[in-house]
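Structure, as structure tokens:
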Amino acid sequence: MSGAWWKERVFYQIYPRSFQDSNGDGIGDINGIISRLDYLKWLGVGAVWLCPIYDSPNADMGYDIRDYEKIMAEFGTMEDFDRLVREMHRRDIKLVMDLVVNHSSDEHAWFVESRKSKDNPYRDYYIWRDGRGGREPNNWSSFFTPSAWTYDGTTDQWYLHLFSEKQPDLNWENPSVREEIYAMINRWFDRGVDGFRMDVITCIAKAPGLPDGEGERDENGRVFAHEHFAFQPKLHEYLRELRRRCLDGRDCMCVGETSFVNTENASSLVGDGRELDMLFQFDVVDMDGEGTKWDVIPFDLKKFKRIIADWQKAIDWNTLFWENHDQPRSVPRFGCVETEELRVRSAKMLAAAMFLLRGTPFIYQGEEIGMTNFPFTEASQLRDVECFNLLKEAEKTGRTEWAWNGIRHKGRDNARTPMQWSGQENAGFTTGDPWIDVNPNYTQINVEKAKKDEDSILHFYRELIRLRGESDVLKYGSFEPLCEENEDLFAYRREYEGEAVVVVCNFSGRTVKLPEDLACVGAGGGEDEDGARARCEAGKVLLAAGFDGEGLLPWGTVVTTAVTS
Ligand code: ISL
Ligand code: CA
């Protein structure tokens with residue numbers, strides 16, 4: 001069996017600013033990425049999702065694009081980019097770019113024109129409205145700021161921004177906007193890119209008339225009105241048009257960052273080849289927040305199992321991830337960092353738990369060495385607009401302690417600290433001053449050290465990627481949840497054409513004996529009552545960490561062959 005390349009391969013997400021600096025200015029760049037391609041190849045990576053590298057004033061670290069067809073000067077030149085494409089393709093690594101077209105930067109030439117006058121040809125490229133009695137046109141709040149509107153005195157109107165005020169929303173209703181975007185996408189395809197990750201793509205269409213939100217109001221009467229800006233009917237129209245105009249006829253892939261997707265509406269986006277190929281859902285990573293992501297609640301294994309089983313059932317092909325540039329690190333979050341031994345073991349367990357499910361794995365840079373959160377203590381260590389706005393608002397209401405607790409657990413800068421390559425100064429990331437501090441644990445946690453240690457998290461990832469690559473059952477097998485009521489274990493069976501594999505993961509700090517129904521796991525030859533010798537012989541261990549033949553040590557995992565059902 002050989003499916004689409006984006007199902008066969010394991011993805012690796014690069015946050016360019018923090019991956020590798022090549023010229024000592026403290027900022028990661030394209031030449032730095034090129035110098036690490038052999039590492040990615042060694043690891044077994046088959047495709048890269050590259051976070052935005054376009055010209056940007058960096059109000060939101062590249063997610064505010066000033067020019068879609070220029071490379072950010074700090075990252076290099078278009079020649080460097082063309083070389084990156086060549087060097088990746090020479091190693092058979094696909095390149096997927098970030099596509100941020102819900103909004104642009106307020107410094108984009110379109111917006112600079114748009115705000116000049118009401119009759120400017122670019123006026124309708126953005127969403128401008130009159131105020132209501134000196135206030136905003138409606139009651140929407142934004143992802144990053146209290147209000148989703150900013151007033152502009154030049155024309156006495158307000159513009160809409162679902163993110164920061166430096167990220168005005170593009171008006172997809174306007175056919176000229178769509179034409180410009182499609183042409184831009186096609187030019188990138190013609191340069192050789194293999195696909196796109198589409199930023200907040202589910203929010204590009206807004207409800208006609210921009211009605212007030214009816215949900216829960218904040219102190220100022222504002223509402224996070226996603227019922228009016230996510231999953232609007234026009235979304236499907238736009239995505240189909242985009243596919244016809246840009247994707248059809250190309251051997252490419254598009255994955256949506258589909259905020260507000262759920263198991264009911266997911267199949268309206270994927271599965272029939274008319275809109276997206278894959279989607280990112282956030283049910284797993286949103287699990288440990290209640291109301292807002294900043295109100296941290298403990299990990300709930302049963303809930304996790306339900307979410308995974310529901311999604312594996314809901315659509316044919318999932319994306320599989322624990323981390324990205326918007327999430328904190330996964331080991332302190334879902335595993336255990338109490339001791340070095342447990343950090344290593346739980347990182348391996350998390351890898352097996354997620355990346356052997358049915359779907360395409362996405363590894364975020366540094367996850368493969370088990371990087372952890374940063375011990376933030378002061379605002380000067382932060383770089384993220386989301387954190388700054390959170391602190392600003394929290395100070396007004398005397399909730400500073402609460403905000404800091406949230407930032408330490410969930411702040412996006414946790415995952416944006418430099419990649420830890422070695423025990424040398426600045427973790428081998430830069431010879432200069434890094435743009436954001438290196439995690440002080442880099443002498444312990446780094447690629448160079450992990451490469452030398454066969455028992456490291458890094459080697460486990462490499463082995464896991466190799467196994468998946470060689471195995472049809474791990475790629476294309478069905479998914480069946482096991483031990484659903486067990487309080488400590490997450491387990492599942494994959495099955496495909498006469499082959500089966502069982503994955504068992506201990507999500508607890510206890511040693512757990514394998515329950516009866518998993519008796520054959522790893523037993524490799526033992527016998528049990530129902531004469532299940534065959535079952536036992538099937539129990540060949542493919543991958544393990546903290547497995548002693550009978551049970552799993554705290555945070556341990558085992559992957560074995562199994563009999564088919
Ligand atoms: O990280 C989040 C807030 O905590 C998410 O809600 C995030 O803002 C949302 O998933 C959209 O993310 C994407 O678009 C943003 C950008 O800041 C993120 O980095 C990007 O992944 C605006 O472009
Ligand atoms: Ca640099």
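Letters for chains follow the order of the structure tokens (A, B, ...), residue numbers begin at 1 for each chain, and ligand numbers begin at 1 in the order shown.
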
Using only C-alpha atoms and all ligand atoms, find each protein or nucleic acid residue lying at most 7 Å from ligand 2; present the set as an mmCIF file with N, CA and C atoms, in the first residue's frame.
data_model
loop_
_atom_site.group_PDB
_atom_site.id
_atom_site.type_symbol
_atom_site.label_atom_id
_atom_site.label_comp_id
_atom_site.auth_asym_id
_atom_site.auth_seq_id
_atom_site.Cartn_x
_atom_site.Cartn_y
_atom_site.Cartn_z
ATOM 1 N N ASP A 21 20.506 29.885 14.016
ATOM 2 C CA ASP A 21 21.044 31.143 13.506
ATOM 3 C C ASP A 21 22.345 30.848 12.754
ATOM 4 N N SER A 22 22.519 31.469 11.584
ATOM 5 C CA SER A 22 23.748 31.186 10.827
ATOM 6 C C SER A 22 24.721 32.351 10.801
ATOM 7 N N ASN A 23 24.272 33.541 11.218
ATOM 8 C CA ASN A 23 25.161 34.704 11.059
ATOM 9 C C ASN A 23 25.379 35.498 12.345
ATOM 10 N N GLY A 24 25.013 34.920 13.475
ATOM 11 C CA GLY A 24 25.364 35.541 14.751
ATOM 12 C C GLY A 24 24.521 36.736 15.158
ATOM 13 N N ASP A 25 23.386 36.981 14.482
ATOM 14 C CA ASP A 25 22.544 38.105 14.910
ATOM 15 C C ASP A 25 21.509 37.674 15.953
ATOM 16 N N GLY A 26 21.571 36.406 16.359
ATOM 17 C CA GLY A 26 20.678 35.948 17.428
ATOM 18 C C GLY A 26 19.303 35.521 16.952
ATOM 19 N N ILE A 27 19.110 35.538 15.631
ATOM 20 C CA ILE A 27 17.809 35.192 15.046
ATOM 21 C C ILE A 27 18.000 34.035 14.059
ATOM 22 N N GLY A 28 17.220 33.013 14.224
ATOM 23 C CA GLY A 28 17.289 31.881 13.308
ATOM 24 C C GLY A 28 17.013 32.330 11.887
ATOM 25 N N ASP A 29 17.522 31.601 10.894
ATOM 26 C CA ASP A 29 17.364 32.037 9.511
ATOM 27 C C ASP A 29 17.368 30.861 8.549
ATOM 28 N N GLU A 74 15.537 39.435 8.078
ATOM 29 C CA GLU A 74 16.323 38.742 9.111
ATOM 30 C C GLU A 74 16.519 37.262 8.791
ATOM 31 N N PHE A 75 15.612 36.717 7.983
ATOM 32 C CA PHE A 75 15.693 35.283 7.679
ATOM 33 C C PHE A 75 16.507 34.991 6.423
#

What are the nearest atom pairs, with distances in Å to one decimal, for all residues of chain A that come at most 10 Å from ligand 1, using only C-alpha atoms and all ligand atoms, set out by chain and rising residue number as a Markdown table?
| residue | atom | partner | partner_atom_place_in_ligand_line | distance |
| --- | --- | --- | --- | --- |
| A:Cys51 | CA | ligand 1 | 21 (O) | 8.6 |
| A:Pro52 | CA | ligand 1 | 19 (O) | 9.4 |
| A:Ala59 | CA | ligand 1 | 17 (O) | 9.3 |
| A:Asp60 | CA | ligand 1 | 17 (O) | 5.7 |
| A:Met61 | CA | ligand 1 | 19 (O) | 7.6 |
| A:Gly62 | CA | ligand 1 | 23 (O) | 8.2 |
| A:Tyr63 | CA | ligand 1 | 23 (O) | 4.5 |
| A:Asp64 | CA | ligand 1 | 23 (O) | 6.6 |
| A:Ile65 | CA | ligand 1 | 23 (O) | 9.2 |
| A:Asp98 | CA | ligand 1 | 21 (O) | 9.1 |
| A:Leu99 | CA | ligand 1 | 23 (O) | 9.4 |
| A:Val100 | CA | ligand 1 | 23 (O) | 6.4 |
| A:Val101 | CA | ligand 1 | 23 (O) | 8.6 |
| A:Asn102 | CA | ligand 1 | 23 (O) | 7.7 |
| A:His103 | CA | ligand 1 | 23 (O) | 7.3 |
| A:Ser104 | CA | ligand 1 | 23 (O) | 8.6 |
| A:Ser105 | CA | ligand 1 | 23 (O) | 9.8 |
| A:Ser142 | CA | ligand 1 | 8 (O) | 9.7 |
| A:Phe143 | CA | ligand 1 | 8 (O) | 6.2 |
| A:Phe144 | CA | ligand 1 | 3 (C) | 7.5 |
| A:Leu162 | CA | ligand 1 | 22 (C) | 8.2 |
| A:Phe163 | CA | ligand 1 | 22 (C) | 6.0 |
| A:Ser164 | CA | ligand 1 | 22 (C) | 8.1 |
| A:Gln167 | CA | ligand 1 | 23 (O) | 7.8 |
| A:Arg197 | CA | ligand 1 | 21 (O) | 9.6 |
| A:Met198 | CA | ligand 1 | 13 (C) | 8.9 |
| A:Asp199 | CA | ligand 1 | 13 (C) | 5.3 |
| A:Val200 | CA | ligand 1 | 11 (C) | 5.3 |
| A:Ile201 | CA | ligand 1 | 14 (O) | 9.0 |
| A:Cys203 | CA | ligand 1 | 11 (C) | 9.6 |
| A:Glu257 | CA | ligand 1 | 10 (O) | 7.0 |
| A:Thr258 | CA | ligand 1 | 10 (O) | 8.0 |
| A:Ser259 | CA | ligand 1 | 10 (O) | 5.9 |
| A:Phe260 | CA | ligand 1 | 10 (O) | 9.1 |
| A:Phe280 | CA | ligand 1 | 10 (O) | 9.5 |
| A:Gln281 | CA | ligand 1 | 10 (O) | 9.5 |
| A:Phe282 | CA | ligand 1 | 10 (O) | 8.2 |
| A:Asp286 | CA | ligand 1 | 4 (O) | 9.4 |
| A:Thr292 | CA | ligand 1 | 4 (O) | 8.8 |
| A:Lys293 | CA | ligand 1 | 4 (O) | 6.8 |
| A:Trp294 | CA | ligand 1 | 4 (O) | 8.6 |
| A:Asn324 | CA | ligand 1 | 21 (O) | 8.0 |
| A:His325 | CA | ligand 1 | 19 (O) | 6.4 |
| A:Asp326 | CA | ligand 1 | 1 (O) | 4.3 |
| A:Gln327 | CA | ligand 1 | 1 (O) | 6.6 |
| A:Pro328 | CA | ligand 1 | 1 (O) | 9.7 |
| A:Asp384 | CA | ligand 1 | 17 (O) | 8.8 |
| A:Val385 | CA | ligand 1 | 17 (O) | 8.3 |
| A:Glu386 | CA | ligand 1 | 3 (C) | 7.1 |
| A:Cys387 | CA | ligand 1 | 4 (O) | 9.0 |
| A:Lys410 | CA | ligand 1 | 4 (O) | 8.1 |
| A:Gly411 | CA | ligand 1 | 4 (O) | 7.7 |
| A:Arg412 | CA | ligand 1 | 1 (O) | 6.8 |

**OP:** Mind giving me the straight-line distance from atom CA of Ile369 of chain A to atom CA of Ala450 of chain A in Å, one decimal?
**Re:** 7.0 Å

Original post:
If you run DSSP on this backbone, which residues of segment 250-465 of chain A come out as helix (DSSP H, G or I), and could you give them as a PyMOL selection string?
Top reply: chain A and resi 266-268+301-314+330-334+340-355+367-369+379-381+385-396+400-410+412-415+425-428+440-443+447-452+457-465

Original post:
Can you tell me, as a PyMOL selection string, what residues are no more than 12 Å from Glu497 of chain A when counting only C-alpha atoms, ignoring any on the same chain fewer than 6 positions away?
Top reply: chain A and resi 1+471-474+476-478+563-565

Write a file of the just-selected residues containing all heavy atoms, as a short mmCIF file (atom, residue, chain, number, x, y, z; two decimals), in the first residue's frame.
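What ended up in part_18.cif:
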data_model
loop_
_atom_site.label_atom_id
_atom_site.label_comp_id
_atom_site.auth_asym_id
_atom_site.auth_seq_id
_atom_site.Cartn_x
_atom_site.Cartn_y
_atom_site.Cartn_z
N MET A 1 0.84 -1.21 0.00
CA MET A 1 0.00 0.00 0.00
C MET A 1 0.87 1.24 0.00
O MET A 1 1.82 1.37 0.76
CB MET A 1 -0.87 -0.01 1.27
CG MET A 1 -1.55 1.31 1.58
SD MET A 1 -3.22 1.38 0.89
CE MET A 1 -3.55 3.13 1.01
N SER A 471 5.73 0.23 8.07
CA SER A 471 4.59 -0.59 8.46
C SER A 471 3.27 -0.07 7.90
O SER A 471 2.83 1.03 8.21
CB SER A 471 4.54 -0.63 10.00
OG SER A 471 3.25 -0.94 10.44
N ASP A 472 2.63 -0.89 7.09
CA ASP A 472 1.31 -0.52 6.59
C ASP A 472 0.29 -0.46 7.71
O ASP A 472 -0.60 0.38 7.70
CB ASP A 472 0.84 -1.53 5.53
CG ASP A 472 1.44 -1.22 4.18
OD1 ASP A 472 2.05 -0.15 4.03
OD2 ASP A 472 1.30 -2.06 3.28
N VAL A 473 0.43 -1.38 8.67
CA VAL A 473 -0.58 -1.39 9.74
C VAL A 473 -0.49 -0.12 10.58
O VAL A 473 -1.51 0.46 10.97
CB VAL A 473 -0.53 -2.69 10.59
CG1 VAL A 473 0.83 -2.87 11.26
CG2 VAL A 473 -1.63 -2.70 11.64
N LEU A 474 0.72 0.38 10.83
CA LEU A 474 0.83 1.60 11.63
C LEU A 474 0.35 2.83 10.86
O LEU A 474 -0.14 3.79 11.43
CB LEU A 474 2.27 1.80 12.11
CG LEU A 474 2.70 0.87 13.25
CD1 LEU A 474 4.17 1.08 13.59
CD2 LEU A 474 1.83 1.06 14.49
N TYR A 476 -1.87 2.63 7.91
CA TYR A 476 -3.22 2.52 7.35
C TYR A 476 -4.18 1.65 8.14
O TYR A 476 -5.34 1.51 7.76
CB TYR A 476 -3.13 2.05 5.90
CG TYR A 476 -2.36 3.04 5.06
CD1 TYR A 476 -1.08 2.74 4.58
CD2 TYR A 476 -2.87 4.30 4.82
CE1 TYR A 476 -0.35 3.68 3.85
CE2 TYR A 476 -2.15 5.24 4.09
CZ TYR A 476 -0.89 4.92 3.61
OH TYR A 476 -0.17 5.85 2.92
N GLY A 477 -3.70 1.08 9.23
CA GLY A 477 -4.56 0.19 10.02
C GLY A 477 -5.75 0.91 10.64
O GLY A 477 -5.74 2.12 10.85
N SER A 478 -6.76 0.11 10.95
CA SER A 478 -7.93 0.65 11.66
C SER A 478 -7.52 0.97 13.10
O SER A 478 -6.48 0.53 13.57
CB SER A 478 -9.04 -0.39 11.66
OG SER A 478 -8.57 -1.55 12.32
N VAL A 563 -2.31 -10.43 17.63
CA VAL A 563 -3.11 -11.20 16.67
C VAL A 563 -4.25 -10.34 16.16
O VAL A 563 -4.71 -9.44 16.84
CB VAL A 563 -3.71 -12.49 17.28
CG1 VAL A 563 -2.65 -13.54 17.44
CG2 VAL A 563 -4.43 -12.18 18.55
N THR A 564 -4.70 -10.69 14.98
CA THR A 564 -5.82 -9.94 14.43
C THR A 564 -7.11 -10.43 15.08
O THR A 564 -7.17 -11.53 15.59
CB THR A 564 -5.89 -10.15 12.90
OG1 THR A 564 -5.84 -11.54 12.66
CG2 THR A 564 -4.73 -9.47 12.23
N SER A 565 -8.09 -9.59 15.06
CA SER A 565 -9.32 -9.96 15.77
C SER A 565 -10.24 -10.78 14.88
O SER A 565 -10.06 -10.84 13.68
CB SER A 565 -10.05 -8.71 16.25
OG SER A 565 -10.15 -7.79 15.19
#

**OP:** May I have the residues within 12 Å of segment 423-434 of chain A as a PyMOL selection string, using only C-alpha atoms and disregarding those fewer than 5 positions away in the same chain?
**Re:** chain A and resi 16-29+32-33+35-36+366+381+383+416-418+439-450

Write out, as a tab-separated table (two decimals), in the first residue's frame, the residues just selected, with C-alpha atoms.
chain	number	residue	atom	x	y	z
A	16	PRO	CA	12.47	29.63	11.95
A	17	ARG	CA	13.24	32.39	14.40
A	18	SER	CA	14.36	29.83	16.98
A	19	PHE	CA	15.71	26.94	14.94
A	20	GLN	CA	19.26	27.83	13.90
A	21	ASP	CA	21.04	31.14	13.51
A	22	SER	CA	23.75	31.19	10.83
A	23	ASN	CA	25.16	34.70	11.06
A	24	GLY	CA	25.36	35.54	14.75
A	25	ASP	CA	22.54	38.10	14.91
A	26	GLY	CA	20.68	35.95	17.43
A	27	ILE	CA	17.81	35.19	15.05
A	28	GLY	CA	17.29	31.88	13.31
A	29	ASP	CA	17.36	32.04	9.51
A	32	GLY	CA	20.51	27.94	9.49
A	33	ILE	CA	17.69	25.64	8.45
A	35	SER	CA	22.57	23.56	7.73
A	36	ARG	CA	20.27	21.28	9.75
A	366	GLY	CA	12.67	20.25	20.17
A	381	GLN	CA	11.83	37.50	29.20
A	383	ARG	CA	8.21	38.20	23.48
A	416	ARG	CA	9.58	29.49	21.15
A	417	THR	CA	12.90	29.42	22.99
A	418	PRO	CA	15.90	28.43	20.85
A	439	ASN	CA	16.23	27.48	28.36
A	440	PRO	CA	18.84	27.11	31.14
A	441	ASN	CA	18.51	23.30	30.98
A	442	TYR	CA	20.27	23.14	27.60
A	443	THR	CA	23.43	21.60	29.06
A	444	GLN	CA	21.29	18.60	30.03
A	445	ILE	CA	18.79	18.57	27.17
A	446	ASN	CA	20.33	18.91	23.72
A	447	VAL	CA	20.60	17.12	20.38
A	448	GLU	CA	24.33	16.41	20.58
A	449	LYS	CA	23.99	14.62	23.91
A	450	ALA	CA	20.85	12.75	22.85

Original post:
Val10 of chain A: which residues within 12 Å, counting only C-alpha atoms, same-chain residues fewer than 2 positions away excluded, as JSON, numbers by chain?
Top reply: {"A": [5, 6, 7, 8, 12, 13, 40, 41, 43, 44, 45, 46, 47, 48, 49, 93, 94, 319, 320, 321, 355, 356, 359, 360, 361, 362, 363, 364, 461, 462, 464, 465, 466, 467, 468, 469, 475]}

Same residues, N, CA, C and O atoms, output as a CSV table (one decimal), in the first residue's frame:
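Saved as selection19.csv:
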chain,number,residue,atom,x,y,z
A,5,TRP,N,1.6,11.2,-0.4
A,5,TRP,CA,2.8,11.5,0.3
A,5,TRP,C,2.6,12.0,1.7
A,5,TRP,O,3.3,11.8,2.6
A,6,TRP,N,1.5,12.8,1.9
A,6,TRP,CA,1.3,13.5,3.2
A,6,TRP,C,0.7,12.5,4.2
A,6,TRP,O,0.6,12.8,5.3
A,7,LYS,N,0.3,11.3,3.7
A,7,LYS,CA,0.0,10.2,4.7
A,7,LYS,C,1.1,9.4,5.0
A,7,LYS,O,1.2,8.8,6.1
A,8,GLU,N,2.0,9.2,4.1
A,8,GLU,CA,3.2,8.3,4.3
A,8,GLU,C,4.3,9.0,5.2
A,8,GLU,O,5.0,8.3,5.9
A,12,TYR,N,7.7,17.7,10.4
A,12,TYR,CA,8.5,18.3,11.4
A,12,TYR,C,8.2,19.8,11.3
A,12,TYR,O,8.4,20.4,10.2
A,13,GLN,N,7.7,20.5,12.3
A,13,GLN,CA,7.4,21.9,12.3
A,13,GLN,C,8.6,22.7,12.7
A,13,GLN,O,9.1,22.5,13.8
A,40,LEU,N,17.5,16.5,10.0
A,40,LEU,CA,16.1,16.1,9.8
A,40,LEU,C,16.0,14.8,9.0
A,40,LEU,O,15.2,13.9,9.3
A,41,LYS,N,16.9,14.7,8.1
A,41,LYS,CA,16.9,13.5,7.2
A,41,LYS,C,17.3,12.3,8.1
A,41,LYS,O,16.7,11.2,8.0
A,43,LEU,N,16.8,11.9,11.2
A,43,LEU,CA,15.7,11.6,12.1
A,43,LEU,C,14.6,10.8,11.3
A,43,LEU,O,13.9,10.1,11.9
A,44,GLY,N,14.5,11.0,10.0
A,44,GLY,CA,13.5,10.3,9.3
A,44,GLY,C,12.4,11.2,8.8
A,44,GLY,O,11.4,10.7,8.3
A,45,VAL,N,12.5,12.5,9.0
A,45,VAL,CA,11.5,13.4,8.7
A,45,VAL,C,11.3,13.5,7.1
A,45,VAL,O,12.2,13.5,6.4
A,46,GLY,N,10.0,13.5,6.7
A,46,GLY,CA,9.7,13.5,5.3
A,46,GLY,C,9.1,14.8,4.7
A,46,GLY,O,9.0,15.0,3.5
A,47,ALA,N,8.7,15.6,5.7
A,47,ALA,CA,8.1,16.9,5.3
A,47,ALA,C,8.3,17.9,6.4
A,47,ALA,O,8.3,17.6,7.6
A,48,VAL,N,8.4,19.2,6.0
A,48,VAL,CA,8.5,20.3,7.0
A,48,VAL,C,7.4,21.2,6.8
A,48,VAL,O,7.0,21.6,5.7
A,49,TRP,N,6.8,21.6,7.9
A,49,TRP,CA,5.9,22.8,8.0
A,49,TRP,C,6.8,23.9,8.5
A,49,TRP,O,7.2,23.9,9.7
A,93,ILE,N,12.7,15.8,1.0
A,93,ILE,CA,11.9,16.4,2.1
A,93,ILE,C,10.9,17.4,1.4
A,93,ILE,O,11.4,18.3,0.7
A,94,LYS,N,9.6,17.3,1.7
A,94,LYS,CA,8.6,18.2,1.2
A,94,LYS,C,8.6,19.5,2.0
A,94,LYS,O,8.9,19.4,3.2
A,319,THR,N,-4.7,14.6,11.8
A,319,THR,CA,-3.3,15.1,12.1
A,319,THR,C,-3.0,14.7,13.6
A,319,THR,O,-4.0,14.7,14.4
A,320,LEU,N,-1.8,14.4,13.9
A,320,LEU,CA,-1.4,13.9,15.2
A,320,LEU,C,-0.4,14.8,15.8
A,320,LEU,O,0.7,14.9,15.2
A,321,PHE,N,-0.7,15.5,16.9
A,321,PHE,CA,0.3,16.4,17.4
A,321,PHE,C,0.0,16.7,18.9
A,321,PHE,O,-1.1,16.7,19.3
A,355,PHE,N,1.7,9.4,18.1
A,355,PHE,CA,2.2,9.3,16.7
A,355,PHE,C,2.0,7.9,16.0
A,355,PHE,O,2.2,7.7,14.9
A,356,LEU,N,1.4,7.0,16.8
A,356,LEU,CA,1.1,5.7,16.2
A,356,LEU,C,-0.4,5.5,16.0
A,356,LEU,O,-0.9,4.5,15.5
A,359,GLY,N,-3.2,8.6,11.2
A,359,GLY,CA,-3.1,9.9,10.8
A,359,GLY,C,-1.7,10.3,10.5
A,359,GLY,O,-0.8,9.5,10.5
A,360,THR,N,-1.4,11.6,10.3
A,360,THR,CA,-0.1,12.1,10.0
A,360,THR,C,0.5,12.8,11.2
A,360,THR,O,0.0,13.8,11.7
A,361,PRO,N,1.7,12.3,11.7
A,361,PRO,CA,2.3,12.9,12.9
A,361,PRO,C,3.0,14.2,12.5
A,361,PRO,O,3.6,14.4,11.4
A,362,PHE,N,2.8,15.2,13.4
A,362,PHE,CA,3.5,16.5,13.3
A,362,PHE,C,4.4,16.7,14.5
A,362,PHE,O,3.8,16.9,15.6
A,363,ILE,N,5.7,16.7,14.4
A,363,ILE,CA,6.6,16.8,15.5
A,363,ILE,C,7.0,18.3,15.5
A,363,ILE,O,7.4,18.8,14.4
A,364,TYR,N,7.0,18.9,16.6
A,364,TYR,CA,7.4,20.4,16.7
A,364,TYR,C,8.9,20.4,17.2
A,364,TYR,O,9.3,19.7,18.1
A,461,TYR,N,12.4,8.5,19.0
A,461,TYR,CA,11.6,9.1,17.9
A,461,TYR,C,12.1,8.5,16.6
A,461,TYR,O,11.3,8.3,15.7
A,462,ARG,N,13.4,8.4,16.4
A,462,ARG,CA,13.9,8.0,15.1
A,462,ARG,C,13.5,6.6,14.8
A,462,ARG,O,13.1,6.2,13.7
A,464,LEU,N,10.8,5.2,16.1
A,464,LEU,CA,9.3,5.2,15.9
A,464,LEU,C,9.0,5.7,14.4
A,464,LEU,O,8.1,5.1,13.8
A,465,ILE,N,9.7,6.6,14.0
A,465,ILE,CA,9.5,7.1,12.6
A,465,ILE,C,9.8,6.0,11.6
A,465,ILE,O,9.1,5.7,10.6
A,466,ARG,N,11.0,5.3,11.9
A,466,ARG,CA,11.4,4.2,11.0
A,466,ARG,C,10.3,3.1,11.0
A,466,ARG,O,9.9,2.6,9.9
A,467,LEU,N,9.8,2.7,12.2
A,467,LEU,CA,8.8,1.7,12.3
A,467,LEU,C,7.6,2.0,11.5
A,467,LEU,O,7.0,1.2,10.7
A,468,ARG,N,7.1,3.3,11.7
A,468,ARG,CA,5.9,3.7,11.0
A,468,ARG,C,6.1,3.7,9.5
A,468,ARG,O,5.2,3.2,8.8
A,469,GLY,N,7.3,4.1,9.1
A,469,GLY,CA,7.5,4.2,7.7
A,469,GLY,C,7.5,2.8,7.0
A,469,GLY,O,7.1,2.7,5.9
A,475,LYS,N,0.5,2.8,9.5
A,475,LYS,CA,0.0,3.9,8.8
A,475,LYS,C,-1.5,3.8,8.5
A,475,LYS,O,-2.3,4.7,8.7

Subject >> Nearby residues (only C-alpha atoms) at most 8 Å from Trp128 of chain A, same-chain spacing under 4 positions excluded, as a PyMOL selection string >> reply: chain A and resi 123-124+157-160
